[in-house]
file entry-v5.cif (mmCIF, C-alpha atoms and all ligand atoms)
data_target
#
loop_
_atom_site.label_atom_id
_atom_site.label_comp_id
_atom_site.auth_asym_id
_atom_site.auth_seq_id
_atom_site.Cartn_x
_atom_site.Cartn_y
_atom_site.Cartn_z
CA MET D 8 26.18 80.97 238.23
CA GLN D 9 26.93 77.27 237.77
CA PHE D 10 24.48 76.72 234.90
CA ASN D 11 27.17 76.54 232.24
CA THR D 12 29.14 73.90 234.11
CA LEU D 13 26.06 71.75 234.58
CA ILE D 14 25.34 71.77 230.86
CA ILE D 15 28.91 70.80 230.02
CA LEU D 16 28.83 67.89 232.47
CA ASP D 17 25.51 66.79 231.03
CA ILE D 18 26.95 66.48 227.56
CA ILE D 19 30.49 65.32 228.25
CA PRO D 20 30.89 62.07 230.18
CA ASP D 21 34.68 61.91 230.52
CA ILE D 22 37.39 63.83 228.66
CA ARG D 23 40.31 61.78 230.00
CA PRO D 24 40.38 59.06 227.31
CA LEU D 25 40.51 61.70 224.58
CA GLU D 26 43.16 63.68 226.44
CA ALA D 27 45.25 60.49 226.77
CA ILE D 28 44.92 59.66 223.07
CA VAL D 29 45.80 63.20 221.99
CA SER D 30 48.90 63.38 224.16
CA LYS D 31 50.18 60.01 222.87
CA SER D 32 49.47 60.62 219.17
CA ARG D 33 52.33 61.26 216.76
CA ARG D 34 50.42 61.51 213.51
CA VAL D 35 46.73 62.23 213.40
CA VAL D 36 44.31 62.20 210.49
CA ALA D 37 40.94 63.86 211.01
CA VAL D 38 38.16 63.06 208.59
CA SER D 39 34.57 64.04 207.94
CA HIS D 40 31.87 62.86 205.56
CA PHE D 41 31.30 62.67 201.81
CA LYS D 42 29.64 65.83 200.41
CA PRO D 43 30.70 67.86 203.45
CA ASP D 44 28.34 70.45 204.90
CA GLY D 45 29.16 73.37 207.20
CA ASP D 46 29.23 71.19 210.31
CA ALA D 47 31.57 68.71 208.64
CA VAL D 48 34.14 71.26 207.50
CA GLY D 49 33.70 73.38 210.64
CA SER D 50 34.34 70.52 213.05
CA LEU D 51 37.15 69.11 210.92
CA THR D 52 38.97 72.44 210.65
CA ALA D 53 38.47 73.40 214.29
CA CYS D 54 39.68 70.01 215.48
CA CYS D 55 42.83 70.15 213.33
CA ASN D 56 43.69 73.75 214.16
CA TYR D 57 43.29 73.02 217.87
CA LEU D 58 45.50 69.91 217.73
CA ARG D 59 48.13 71.80 215.75
CA SER D 60 48.17 74.48 218.46
CA ARG D 61 49.20 71.64 220.82
CA GLY D 62 52.06 70.65 218.51
CA VAL D 63 50.31 67.58 217.09
CA ASP D 64 51.06 66.61 213.48
CA VAL D 65 47.56 66.51 212.01
CA THR D 66 46.09 66.26 208.51
CA PRO D 67 42.47 67.13 207.74
CA VAL D 68 40.95 64.89 205.09
CA LEU D 69 37.66 64.88 203.16
CA PRO D 70 36.47 62.26 200.68
CA SER D 71 34.93 64.83 198.29
CA PRO D 72 35.34 68.58 197.65
CA LEU D 73 33.78 71.46 199.53
CA ALA D 74 31.12 73.61 197.92
CA GLU D 75 32.59 76.97 196.94
CA TYR D 76 30.74 78.90 199.68
CA LEU D 77 32.38 76.73 202.39
CA GLN D 78 35.94 76.81 201.10
CA PHE D 79 36.98 79.80 203.23
CA VAL D 80 36.27 77.79 206.40
CA ALA D 81 39.14 75.37 205.74
CA GLU D 82 41.60 77.95 204.40
CA GLY D 83 45.09 77.48 205.82
CA SER D 84 44.24 74.15 207.47
CA GLY D 85 46.18 72.00 204.96
CA LEU D 86 43.01 70.17 203.94
CA LEU D 87 43.47 67.18 201.59
CA ILE D 88 40.62 65.99 199.38
CA PHE D 89 40.61 62.38 198.24
CA GLN D 90 38.94 63.09 194.91
CA ASP D 91 41.66 65.65 194.10
CA ASP D 92 44.71 63.95 195.60
CA GLU D 93 44.26 60.23 196.25
CA ASP D 94 47.94 59.47 196.86
CA ALA D 95 48.41 62.12 199.53
CA VAL D 96 45.25 61.02 201.36
CA ASN D 97 46.22 57.34 201.21
CA ALA D 98 49.69 58.14 202.53
CA ALA D 99 48.31 60.26 205.38
CA ILE D 100 45.89 57.51 206.44
CA ALA D 101 48.59 54.83 206.19
CA ALA D 102 50.92 56.88 208.44
CA ALA D 103 48.31 57.84 211.05
CA ASP D 104 48.40 56.41 214.57
CA THR D 105 45.12 58.17 215.41
CA ILE D 106 42.10 58.86 213.20
CA ILE D 107 39.51 61.31 214.45
CA CYS D 108 36.13 60.99 212.72
CA LEU D 109 33.73 63.89 212.83
CA ASP D 110 30.05 64.38 212.03
CA PHE D 111 29.02 60.93 210.86
CA SER D 112 27.73 57.83 212.61
CA GLY D 113 29.39 55.09 210.53
CA LEU D 114 32.44 54.77 208.26
CA SER D 115 30.24 54.17 205.20
CA ARG D 116 29.66 57.96 205.18
CA THR D 117 33.34 58.43 204.26
CA GLU D 118 32.51 56.71 200.97
CA TYR D 119 35.84 56.05 199.17
CA LEU D 120 37.78 56.10 202.45
CA GLN D 121 35.69 53.50 204.24
CA GLU D 122 37.98 50.61 203.40
CA GLN D 123 41.33 52.26 204.28
CA ILE D 124 40.03 53.67 207.54
CA GLY D 125 38.30 50.43 208.46
CA ALA D 126 41.50 48.44 207.82
CA SER D 127 43.79 50.94 209.59
CA LYS D 128 45.31 49.91 212.94
CA ALA D 129 45.17 53.51 214.16
CA VAL D 130 43.16 54.39 217.27
CA LYS D 131 39.79 55.62 215.99
CA VAL D 132 37.83 58.32 217.77
CA LEU D 133 34.34 59.39 216.75
CA ILE D 134 32.79 62.76 217.63
CA ASP D 135 29.22 62.97 216.32
CA HIS D 136 25.67 64.12 216.96
CA HIS D 137 23.65 61.69 214.81
CA ALA D 138 21.48 58.84 216.08
CA SER D 139 22.75 55.23 216.29
CA GLN D 140 26.54 55.23 215.92
CA ASP D 141 28.19 52.04 214.73
CA ALA D 142 30.34 51.76 217.88
CA SER D 143 32.09 48.59 216.66
CA GLU D 144 34.00 50.68 214.10
CA PHE D 145 35.61 52.97 216.72
CA ASP D 146 37.77 52.75 219.86
CA LEU D 147 36.30 55.82 221.53
CA VAL D 148 32.95 57.46 220.79
CA TYR D 149 31.71 60.85 221.95
CA ALA D 150 28.14 61.07 220.72
CA SER D 151 25.06 62.99 221.73
CA THR D 152 21.85 63.84 219.93
CA GLU D 153 21.23 66.51 222.59
CA VAL D 154 23.60 68.97 220.93
CA SER D 155 22.88 71.08 217.86
CA SER D 156 25.86 69.95 215.86
CA THR D 157 29.17 68.16 215.91
CA CYS D 158 30.73 71.62 216.23
CA GLU D 159 28.83 72.15 219.48
CA LEU D 160 29.88 68.77 220.88
CA LEU D 161 33.48 69.46 219.86
CA PHE D 162 33.32 72.89 221.48
CA TRP D 163 32.29 71.44 224.83
CA LEU D 164 34.99 68.76 224.50
CA LEU D 165 37.67 71.34 223.75
CA MET D 166 36.52 73.47 226.69
CA GLN D 167 37.28 70.48 228.95
CA MET D 168 40.78 69.87 227.61
CA SER D 169 43.51 70.53 230.17
CA ASP D 170 45.15 73.40 228.26
CA VAL D 171 41.81 75.19 227.72
CA ALA D 172 40.30 74.49 231.16
CA GLY D 173 36.99 76.19 230.41
CA ASP D 174 38.61 79.43 229.20
CA VAL D 175 37.42 80.13 225.65
CA SER D 176 40.11 82.79 225.17
CA ARG D 177 42.61 79.90 224.99
CA LEU D 178 41.02 78.70 221.74
CA GLY D 179 42.43 80.34 218.60
CA MET D 180 40.25 82.29 216.17
CA ASP D 181 41.05 79.56 213.62
CA VAL D 182 39.23 77.19 216.00
CA VAL D 183 36.26 79.29 217.11
CA ASN D 184 35.32 80.66 213.67
CA PRO D 185 34.89 77.20 212.07
CA LEU D 186 32.99 76.03 215.18
CA TYR D 187 30.58 78.93 214.80
CA VAL D 188 30.01 78.18 211.10
CA GLY D 189 29.16 74.54 211.76
CA MET D 190 26.78 75.35 214.60
CA MET D 191 25.15 78.13 212.57
CA THR D 192 24.60 75.98 209.47
CA ASP D 193 23.37 72.85 211.30
CA THR D 194 20.84 74.92 213.27
CA ASN D 195 19.74 76.84 210.21
CA ASN D 196 21.04 79.97 211.86
CA PHE D 197 19.59 79.21 215.31
CA SER D 198 16.19 78.00 214.13
CA ASN D 199 16.30 74.26 214.86
CA SER D 200 18.06 71.79 217.22
CA VAL D 201 18.91 74.68 219.53
CA SER D 202 19.15 74.09 223.28
CA PRO D 203 20.45 76.22 226.17
CA SER D 204 23.93 74.81 225.60
CA THR D 205 23.84 76.05 222.00
CA PHE D 206 23.23 79.63 223.15
CA GLU D 207 25.90 79.19 225.83
CA MET D 208 28.34 78.20 223.12
CA GLY D 209 27.21 81.10 220.90
CA ALA D 210 27.69 83.55 223.75
CA ALA D 211 31.16 82.20 224.55
CA LEU D 212 32.21 82.42 220.90
CA LEU D 213 30.92 85.98 220.51
CA ARG D 214 32.82 87.00 223.67
CA ARG D 215 35.92 85.37 222.20
CA GLY D 216 35.58 87.72 219.22
CA VAL D 217 33.73 85.75 216.55
CA ASP D 218 32.28 88.18 214.01
CA LYS D 219 28.83 86.60 213.71
CA ASN D 220 27.60 88.95 210.99
CA ALA D 221 30.65 88.43 208.80
CA LEU D 222 30.35 84.64 209.01
CA GLN D 223 26.60 84.78 208.43
CA PHE D 224 27.05 86.92 205.33
CA ALA D 225 29.88 84.77 203.99
CA VAL D 226 27.86 81.57 204.31
CA LEU D 227 24.21 82.52 203.94
CA ASN D 228 24.14 85.71 201.85
CA ASN D 229 26.67 84.95 199.18
CA HIS D 230 24.66 83.19 196.48
CA SER D 231 24.45 83.76 192.74
CA GLU D 232 21.54 85.30 190.82
CA PRO D 233 20.81 82.03 188.92
CA ARG D 234 20.51 80.28 192.29
CA MET D 235 17.77 82.71 193.36
CA ARG D 236 15.94 82.21 190.03
CA LEU D 237 16.21 78.43 190.42
CA MET D 238 14.58 78.72 193.84
CA GLY D 239 11.72 80.68 192.28
CA HIS D 240 11.31 78.07 189.56
CA LEU D 241 11.33 75.14 191.98
CA LEU D 242 8.87 76.70 194.41
CA LYS D 243 6.48 77.97 191.74
CA ASP D 244 6.62 75.25 189.09
CA LYS D 245 8.03 72.12 190.72
CA MET D 246 6.79 71.84 194.30
CA GLN D 247 4.11 69.15 194.62
CA ILE D 248 1.86 68.48 197.59
CA VAL D 249 0.99 64.85 198.33
CA ASP D 250 -2.65 64.87 199.41
CA GLY D 251 -3.45 62.79 202.46
CA TYR D 252 0.12 62.71 203.79
CA ASP D 253 0.79 66.39 204.57
CA ALA D 254 3.91 66.01 202.44
CA ALA D 255 5.58 68.15 199.80
CA TYR D 256 8.40 67.38 197.41
CA MET D 257 10.48 68.86 194.60
CA VAL D 258 12.58 67.09 191.98
CA LEU D 259 15.54 68.97 190.52
CA THR D 260 16.69 67.44 187.24
CA ALA D 261 20.14 67.51 185.64
CA GLU D 262 18.68 69.58 182.81
CA GLU D 263 17.43 72.25 185.22
CA LYS D 264 20.81 72.27 186.97
CA GLN D 265 22.45 73.07 183.68
CA GLN D 266 19.85 75.70 182.79
CA TYR D 267 20.45 77.56 186.08
CA SER D 268 24.27 77.16 186.15
CA PHE D 269 23.90 75.02 189.28
CA LYS D 270 26.86 74.87 191.66
CA SER D 271 27.27 72.52 194.61
CA GLY D 272 25.47 74.13 197.57
CA ASP D 273 22.92 76.01 195.46
CA SER D 274 20.01 73.89 196.71
CA GLU D 275 21.11 74.07 200.38
CA GLY D 276 18.14 74.94 202.59
CA LEU D 277 15.47 74.70 199.88
CA VAL D 278 14.08 71.50 201.38
CA ASN D 279 13.09 73.47 204.48
CA MET D 280 10.80 75.88 202.65
CA PRO D 281 7.70 73.68 202.16
CA LEU D 282 7.65 73.11 205.93
CA THR D 283 6.71 76.77 206.32
CA ILE D 284 3.30 75.90 204.80
CA ALA D 285 0.70 75.32 207.54
CA GLY D 286 -0.09 71.60 207.78
CA ILE D 287 2.92 70.30 205.86
CA ARG D 288 4.91 67.94 208.08
CA ILE D 289 7.27 66.23 205.62
CA SER D 290 9.33 67.83 202.89
CA ALA D 291 11.49 65.94 200.41
CA PHE D 292 13.98 67.30 197.90
CA PHE D 293 15.34 65.05 195.15
CA THR D 294 18.36 66.05 193.07
CA GLU D 295 19.46 64.17 189.98
CA CYS D 296 23.26 63.72 190.17
CA PRO D 297 24.35 62.30 186.83
CA ASP D 298 28.05 62.25 187.75
CA ASP D 299 27.33 60.06 190.78
CA GLY D 300 24.69 58.01 188.97
CA TYR D 301 21.98 58.48 191.61
CA ILE D 302 19.37 60.85 192.96
CA ARG D 303 20.30 62.59 196.21
CA VAL D 304 17.49 62.69 198.72
CA SER D 305 16.97 65.32 201.42
CA LEU D 306 14.19 64.94 203.97
CA ARG D 307 12.89 67.31 206.64
CA SER D 308 9.99 67.02 209.06
CA ARG D 309 8.18 68.76 211.84
CA PRO D 310 8.56 67.34 215.35
CA GLY D 311 6.49 64.18 215.64
CA THR D 312 7.47 62.72 212.27
CA ASP D 313 10.65 60.65 212.01
CA VAL D 314 12.38 61.11 208.66
CA ASN D 315 15.49 59.30 209.90
CA ALA D 316 13.38 56.12 209.97
CA LEU D 317 11.90 56.98 206.56
CA ALA D 318 15.39 57.56 205.10
CA ARG D 319 16.68 54.28 206.51
CA ALA D 320 13.70 52.28 205.29
CA TYR D 321 13.22 53.74 201.79
CA PHE D 322 16.07 56.06 200.80
CA ASN D 323 19.31 54.18 201.58
CA GLY D 324 20.35 56.75 204.16
CA GLY D 325 19.71 58.12 207.62
CA GLY D 326 20.48 61.20 209.70
CA HIS D 327 18.38 62.84 212.40
CA VAL D 328 14.72 62.55 213.39
CA ASN D 329 13.78 65.81 211.64
CA ALA D 330 16.56 66.06 209.02
CA ALA D 331 17.79 63.10 207.05
CA GLY D 332 19.15 62.19 203.65
CA GLY D 333 20.01 59.33 201.36
CA ARG D 334 20.12 58.29 197.74
CA LEU D 335 17.99 56.54 195.14
CA TRP D 336 18.90 54.71 191.97
CA LEU D 337 15.87 55.76 189.90
CA LYS D 338 15.05 58.00 186.96
CA PRO D 339 13.74 61.43 188.03
CA GLU D 340 10.37 60.71 186.41
CA ASP D 341 9.94 57.64 188.63
CA VAL D 342 10.57 59.54 191.87
CA PRO D 343 6.99 60.81 192.51
CA ALA D 344 5.48 57.30 192.42
CA TYR D 345 8.28 55.92 194.63
CA PHE D 346 7.88 58.74 197.16
CA LEU D 347 4.11 58.15 197.32
CA LYS D 348 4.63 54.42 197.82
CA SER D 349 7.17 55.05 200.60
CA LEU D 350 4.67 57.31 202.40
CA GLN D 351 1.85 54.77 201.99
CA GLU D 352 3.94 51.96 203.42
CA PHE D 353 5.63 54.06 206.12
CA PHE D 354 2.35 55.39 207.49
CA GLY D 355 0.50 52.14 206.74
CA LYS D 356 -2.43 53.71 204.91
P1 LIG A 401 20.99 66.93 203.99
O1 LIG A 401 19.55 66.80 203.64
O2 LIG A 401 21.28 68.29 204.54
O3 LIG A 401 21.91 66.49 202.91
O4 LIG A 401 21.24 65.91 205.17
C1 LIG A 401 20.48 65.97 206.35
C2 LIG A 401 21.03 65.00 207.37
O5 LIG A 401 20.94 63.67 206.88
C3 LIG A 401 22.49 65.24 207.68
O6 LIG A 401 22.62 65.32 209.07
C4 LIG A 401 23.24 64.07 207.16
O7 LIG A 401 24.20 63.65 208.05
C5 LIG A 401 22.18 63.01 206.95
N1 LIG A 401 22.44 62.38 205.66
C6 LIG A 401 22.43 62.96 204.45
N2 LIG A 401 22.71 62.07 203.48
C7 LIG A 401 22.89 60.88 204.08
C8 LIG A 401 23.22 59.57 203.62
O8 LIG A 401 23.40 59.31 202.42
N3 LIG A 401 23.34 58.59 204.57
C9 LIG A 401 23.14 58.84 205.90
N4 LIG A 401 23.26 57.83 206.77
N5 LIG A 401 22.84 60.07 206.37
C10 LIG A 401 22.71 61.08 205.49
MN MN A 402 26.16 67.81 211.58
#
call {"tool": "encode", "arguments": {"input": "entry-v5.cif", "output": "structure tokens", "more": "lines below"}}
Ligand code: 5GP
Ligand code: MN
result
Amino acid sequence: MQFNTLIILDIIPDIRPLEAIVSKSRRVVAVSHFKPDGDAVGSLTACCNYLRSRGVDVTPVLPSPLAEYLQFVAEGSGLLIFQDDEDAVNAAIAAADTIICLDFSGLSRTEYLQEQIGASKAVKVLIDHHASQDASEFDLVYASTEVSSTCELLFWLLMQMSDVAGDVSRLGMDVVNPLYVGMMTDTNNFSNSVSPSTFEMGAALLRRGVDKNALQFAVLNNHSEPRMRLMGHLLKDKMQIVDGYDAAYMVLTAEEKQQYSFKSGDSEGLVNMPLTIAGIRISAFFTECPDDGYIRVSLRSRPGTDVNALARAYFNGGGHVNAAGGRLWLKPEDVPAYFLKSLQEFFGK
């Protein structure tokens, strides 16, 4: 059946420019976004492990650390983190002739690295699945919002590379495992943004030998007891419904984070829960981040409501139509009034 091929051609316009860049590169840096999620570290690690298998000198770089539950994904990849080792990251970027950017639409998402990467003379490639890439910042852009994740887009790109030639068995386990993690986390374990090509990818990876249950347990079922109790507290005592706008929100304060021994990643997925209430179409989750000096904003919506536009207009961020994020410079107690005002203005009522 030719179905698989058709889907690949649909997503991938032309692999030749990437193939040409990869074969000419001497030193590559690959980078993903600030506060990396599963798709960021999955695509970064898979990309670097693949390039290394082709003999390319490649350094994976992140602006900020990985949450504990994602650290295993990057194990053995030689990952450098700017916040832990500024000099090594600066040196790697300065020496790079190619910079591959993964899972973000503009360099501002690399936070502290934006300036160095922007000023670098290296050839810049972007591989991403968000809306509205800033194409002026890159030399070559592979972008589609039709795929579930950057990991999925990268998978279909790798399948086209000359040494892989559509044969998944030519991709190492240190490539396919991270790809699976990123696709699994960005789709909420196959519940959103899934298309036929996503299942095609899943099937290919399982045939290659990915242990789906092991990865699922490592990422999704590996939380602490305080994290579960925090979820109970937030859902029972903190979730508010905004009458008239079919919206729900929760505010997590620094004090509560301390009380529940909060670790990075502990609130992952919580923003989705209010959307399981019949009639709720927007969910917002606000987290006070005293170290960063702002409130992190997470937004989710049902199809038909565009939280990417809401995030861009009111929350200094962006993302996807049904999953977006940003930040606010407000006190936690001022968030409810600001959220209400943003809904009033956004919906014009
Ligand atoms: P999350 O709510 O899981 O942190 O983010 C959801 C989506 O919004 C992700 O796809 C992410 O790329 C995007 N996003 C999160 N924070 C920001 C931000 O500060 N700026 C932009 N442009 N996008 C963001
Ligand atoms: Mn992603």
call {"tool": "atom_distance", "arguments": {"input": "entry-v5.cif", "atom1": "atom O5 of ligand LIG 401 (chain A)", "atom2": "CA of Ala330 (chain D)"}}
result
5.4 Å
call {"tool": "atom_distance", "arguments": {"input": "entry-v5.cif", "atom1": "CA of Ser71 (chain D)", "atom2": "CA of Val226 (chain D)"}}
result
19.1 Å
call {"tool": "residues_near_ligand", "arguments": {"input": "entry-v5.cif", "ligand": "ligand LIG 401 (chain A)", "cutoff": "6 Å", "atoms": "all atoms listed in the file", "output": "short mmCIF file (atom, residue, chain, number, x, y, z; two decimals) with C-alpha atoms, in the frame of the given file"}}
result
data_model
loop_
_atom_site.label_atom_id
_atom_site.label_comp_id
_atom_site.auth_asym_id
_atom_site.auth_seq_id
_atom_site.Cartn_x
_atom_site.Cartn_y
_atom_site.Cartn_z
CA SER D 305 16.97 65.32 201.42
CA LEU D 306 14.19 64.94 203.97
CA GLY D 324 20.35 56.75 204.16
CA GLY D 325 19.71 58.12 207.62
CA GLY D 326 20.48 61.20 209.70
CA HIS D 327 18.38 62.84 212.40
CA ALA D 330 16.56 66.06 209.02
CA ALA D 331 17.79 63.10 207.05
CA GLY D 332 19.15 62.19 203.65
CA GLY D 333 20.01 59.33 201.36
CA ARG D 334 20.12 58.29 197.74
#
call {"tool": "residues_around", "arguments": {"input": "entry-v5.cif", "residues": "region 168-178 of chain D", "least_positions_apart": "3", "cutoff": "9 Å", "atoms": "all atoms listed in the file", "output": "JSON, numbers by chain"}}
result
{"D": [12, 22, 23, 25, 26, 57, 60, 61, 163, 164, 165, 181, 182, 183, 211, 212, 214, 215, 216]}
call {"tool": "closest_residue", "arguments": {"input": "entry-v5.cif", "among": "D:Glu263, D:Asp135, D:Asp146, D:Glu93", "to": "ligand MN 402 (chain A)", "atoms": "only C-alpha atoms and all ligand atoms"}}
result
D:Asp135
call {"tool": "closest_residue", "arguments": {"input": "entry-v5.cif", "among": "D:Asp104, D:Glu159, D:Glu144, D:Asp250", "to": "ligand MN 402 (chain A)", "atoms": "all atoms listed in the file"}}
result
D:Glu159
call {"tool": "build_atoms", "arguments": {"input": "entry-v5.cif", "residues": "region 262-271 of chain D", "atoms": "all heavy atoms", "output": "PDB file, keeping the file's coordinate frame"}}
result
ATOM      1  N   GLU D 262      18.921  68.554 183.840  1.00  0.00           N
ATOM      2  CA  GLU D 262      18.680  69.580 182.810  1.00  0.00           C
ATOM      3  C   GLU D 262      18.455  70.953 183.453  1.00  0.00           C
ATOM      4  O   GLU D 262      19.003  71.966 183.007  1.00  0.00           O
ATOM      5  CB  GLU D 262      17.453  69.159 181.992  1.00  0.00           C
ATOM      6  CG  GLU D 262      17.289  69.887 180.689  1.00  0.00           C
ATOM      7  CD  GLU D 262      16.006  69.464 179.967  1.00  0.00           C
ATOM      8  OE1 GLU D 262      15.526  68.328 180.188  1.00  0.00           O
ATOM      9  OE2 GLU D 262      15.490  70.296 179.202  1.00  0.00           O
ATOM     10  N   GLU D 263      17.666  70.976 184.522  1.00  0.00           N
ATOM     11  CA  GLU D 263      17.430  72.250 185.220  1.00  0.00           C
ATOM     12  C   GLU D 263      18.724  72.763 185.865  1.00  0.00           C
ATOM     13  O   GLU D 263      18.967  73.973 185.891  1.00  0.00           O
ATOM     14  CB  GLU D 263      16.356  72.071 186.304  1.00  0.00           C
ATOM     15  CG  GLU D 263      14.960  71.908 185.732  1.00  0.00           C
ATOM     16  CD  GLU D 263      13.962  71.351 186.740  1.00  0.00           C
ATOM     17  OE1 GLU D 263      14.336  70.467 187.560  1.00  0.00           O
ATOM     18  OE2 GLU D 263      12.808  71.775 186.723  1.00  0.00           O
ATOM     19  N   LYS D 264      19.541  71.848 186.363  1.00  0.00           N
ATOM     20  CA  LYS D 264      20.810  72.270 186.970  1.00  0.00           C
ATOM     21  C   LYS D 264      21.656  73.004 185.944  1.00  0.00           C
ATOM     22  O   LYS D 264      22.257  74.036 186.240  1.00  0.00           O
ATOM     23  CB  LYS D 264      21.569  71.052 187.523  1.00  0.00           C
ATOM     24  CG  LYS D 264      20.989  70.522 188.817  1.00  0.00           C
ATOM     25  CD  LYS D 264      21.477  69.120 189.096  1.00  0.00           C
ATOM     26  CE  LYS D 264      22.583  69.046 190.103  1.00  0.00           C
ATOM     27  NZ  LYS D 264      22.939  67.630 190.397  1.00  0.00           N
ATOM     28  N   GLN D 265      21.669  72.448 184.740  1.00  0.00           N
ATOM     29  CA  GLN D 265      22.450  73.070 183.680  1.00  0.00           C
ATOM     30  C   GLN D 265      21.875  74.445 183.313  1.00  0.00           C
ATOM     31  O   GLN D 265      22.592  75.430 183.193  1.00  0.00           O
ATOM     32  CB  GLN D 265      22.432  72.158 182.467  1.00  0.00           C
ATOM     33  CG  GLN D 265      23.683  72.256 181.650  1.00  0.00           C
ATOM     34  CD  GLN D 265      23.765  71.105 180.655  1.00  0.00           C
ATOM     35  OE1 GLN D 265      22.766  70.419 180.388  1.00  0.00           O
ATOM     36  NE2 GLN D 265      24.932  70.900 180.103  1.00  0.00           N
ATOM     37  N   GLN D 266      20.555  74.472 183.184  1.00  0.00           N
ATOM     38  CA  GLN D 266      19.850  75.700 182.790  1.00  0.00           C
ATOM     39  C   GLN D 266      20.120  76.836 183.768  1.00  0.00           C
ATOM     40  O   GLN D 266      20.200  78.000 183.382  1.00  0.00           O
ATOM     41  CB  GLN D 266      18.363  75.364 182.751  1.00  0.00           C
ATOM     42  CG  GLN D 266      17.483  76.388 182.094  1.00  0.00           C
ATOM     43  CD  GLN D 266      16.001  75.937 182.203  1.00  0.00           C
ATOM     44  OE1 GLN D 266      15.694  74.777 182.509  1.00  0.00           O
ATOM     45  NE2 GLN D 266      15.112  76.876 181.959  1.00  0.00           N
ATOM     46  N   TYR D 267      20.267  76.518 185.053  1.00  0.00           N
ATOM     47  CA  TYR D 267      20.450  77.560 186.080  1.00  0.00           C
ATOM     48  C   TYR D 267      21.887  77.595 186.588  1.00  0.00           C
ATOM     49  O   TYR D 267      22.139  78.073 187.703  1.00  0.00           O
ATOM     50  CB  TYR D 267      19.474  77.326 187.235  1.00  0.00           C
ATOM     51  CG  TYR D 267      18.041  77.646 186.869  1.00  0.00           C
ATOM     52  CD1 TYR D 267      17.193  76.656 186.376  1.00  0.00           C
ATOM     53  CD2 TYR D 267      17.528  78.943 186.983  1.00  0.00           C
ATOM     54  CE1 TYR D 267      15.878  76.936 186.023  1.00  0.00           C
ATOM     55  CE2 TYR D 267      16.218  79.232 186.642  1.00  0.00           C
ATOM     56  CZ  TYR D 267      15.402  78.216 186.165  1.00  0.00           C
ATOM     57  OH  TYR D 267      14.104  78.506 185.821  1.00  0.00           O
ATOM     58  N   SER D 268      22.839  77.122 185.789  1.00  0.00           N
ATOM     59  CA  SER D 268      24.270  77.160 186.150  1.00  0.00           C
ATOM     60  C   SER D 268      24.500  76.677 187.583  1.00  0.00           C
ATOM     61  O   SER D 268      25.208  77.303 188.375  1.00  0.00           O
ATOM     62  CB  SER D 268      24.841  78.572 186.018  1.00  0.00           C
ATOM     63  OG  SER D 268      24.444  79.154 184.827  1.00  0.00           O
ATOM     64  N   PHE D 269      23.901  75.538 187.906  1.00  0.00           N
ATOM     65  CA  PHE D 269      23.900  75.020 189.280  1.00  0.00           C
ATOM     66  C   PHE D 269      25.302  74.713 189.783  1.00  0.00           C
ATOM     67  O   PHE D 269      26.092  74.062 189.112  1.00  0.00           O
ATOM     68  CB  PHE D 269      23.057  73.739 189.310  1.00  0.00           C
ATOM     69  CG  PHE D 269      22.875  73.166 190.685  1.00  0.00           C
ATOM     70  CD1 PHE D 269      21.825  73.570 191.476  1.00  0.00           C
ATOM     71  CD2 PHE D 269      23.752  72.206 191.182  1.00  0.00           C
ATOM     72  CE1 PHE D 269      21.637  73.036 192.749  1.00  0.00           C
ATOM     73  CE2 PHE D 269      23.578  71.664 192.450  1.00  0.00           C
ATOM     74  CZ  PHE D 269      22.515  72.081 193.226  1.00  0.00           C
ATOM     75  N   LYS D 270      25.592  75.205 190.981  1.00  0.00           N
ATOM     76  CA  LYS D 270      26.860  74.870 191.660  1.00  0.00           C
ATOM     77  C   LYS D 270      26.531  74.114 192.944  1.00  0.00           C
ATOM     78  O   LYS D 270      25.485  74.341 193.566  1.00  0.00           O
ATOM     79  CB  LYS D 270      27.627  76.141 192.044  1.00  0.00           C
ATOM     80  CG  LYS D 270      28.211  76.894 190.856  1.00  0.00           C
ATOM     81  CD  LYS D 270      29.301  77.864 191.287  1.00  0.00           C
ATOM     82  CE  LYS D 270      28.953  78.807 192.409  1.00  0.00           C
ATOM     83  NZ  LYS D 270      28.091  79.910 192.170  1.00  0.00           N
ATOM     84  N   SER D 271      27.454  73.265 193.368  1.00  0.00           N
ATOM     85  CA  SER D 271      27.270  72.520 194.610  1.00  0.00           C
ATOM     86  C   SER D 271      26.933  73.512 195.740  1.00  0.00           C
ATOM     87  O   SER D 271      27.605  74.524 195.907  1.00  0.00           O
ATOM     88  CB  SER D 271      28.567  71.766 194.911  1.00  0.00           C
ATOM     89  OG  SER D 271      28.586  71.362 196.228  1.00  0.00           O
TER      90      SER D 271
END
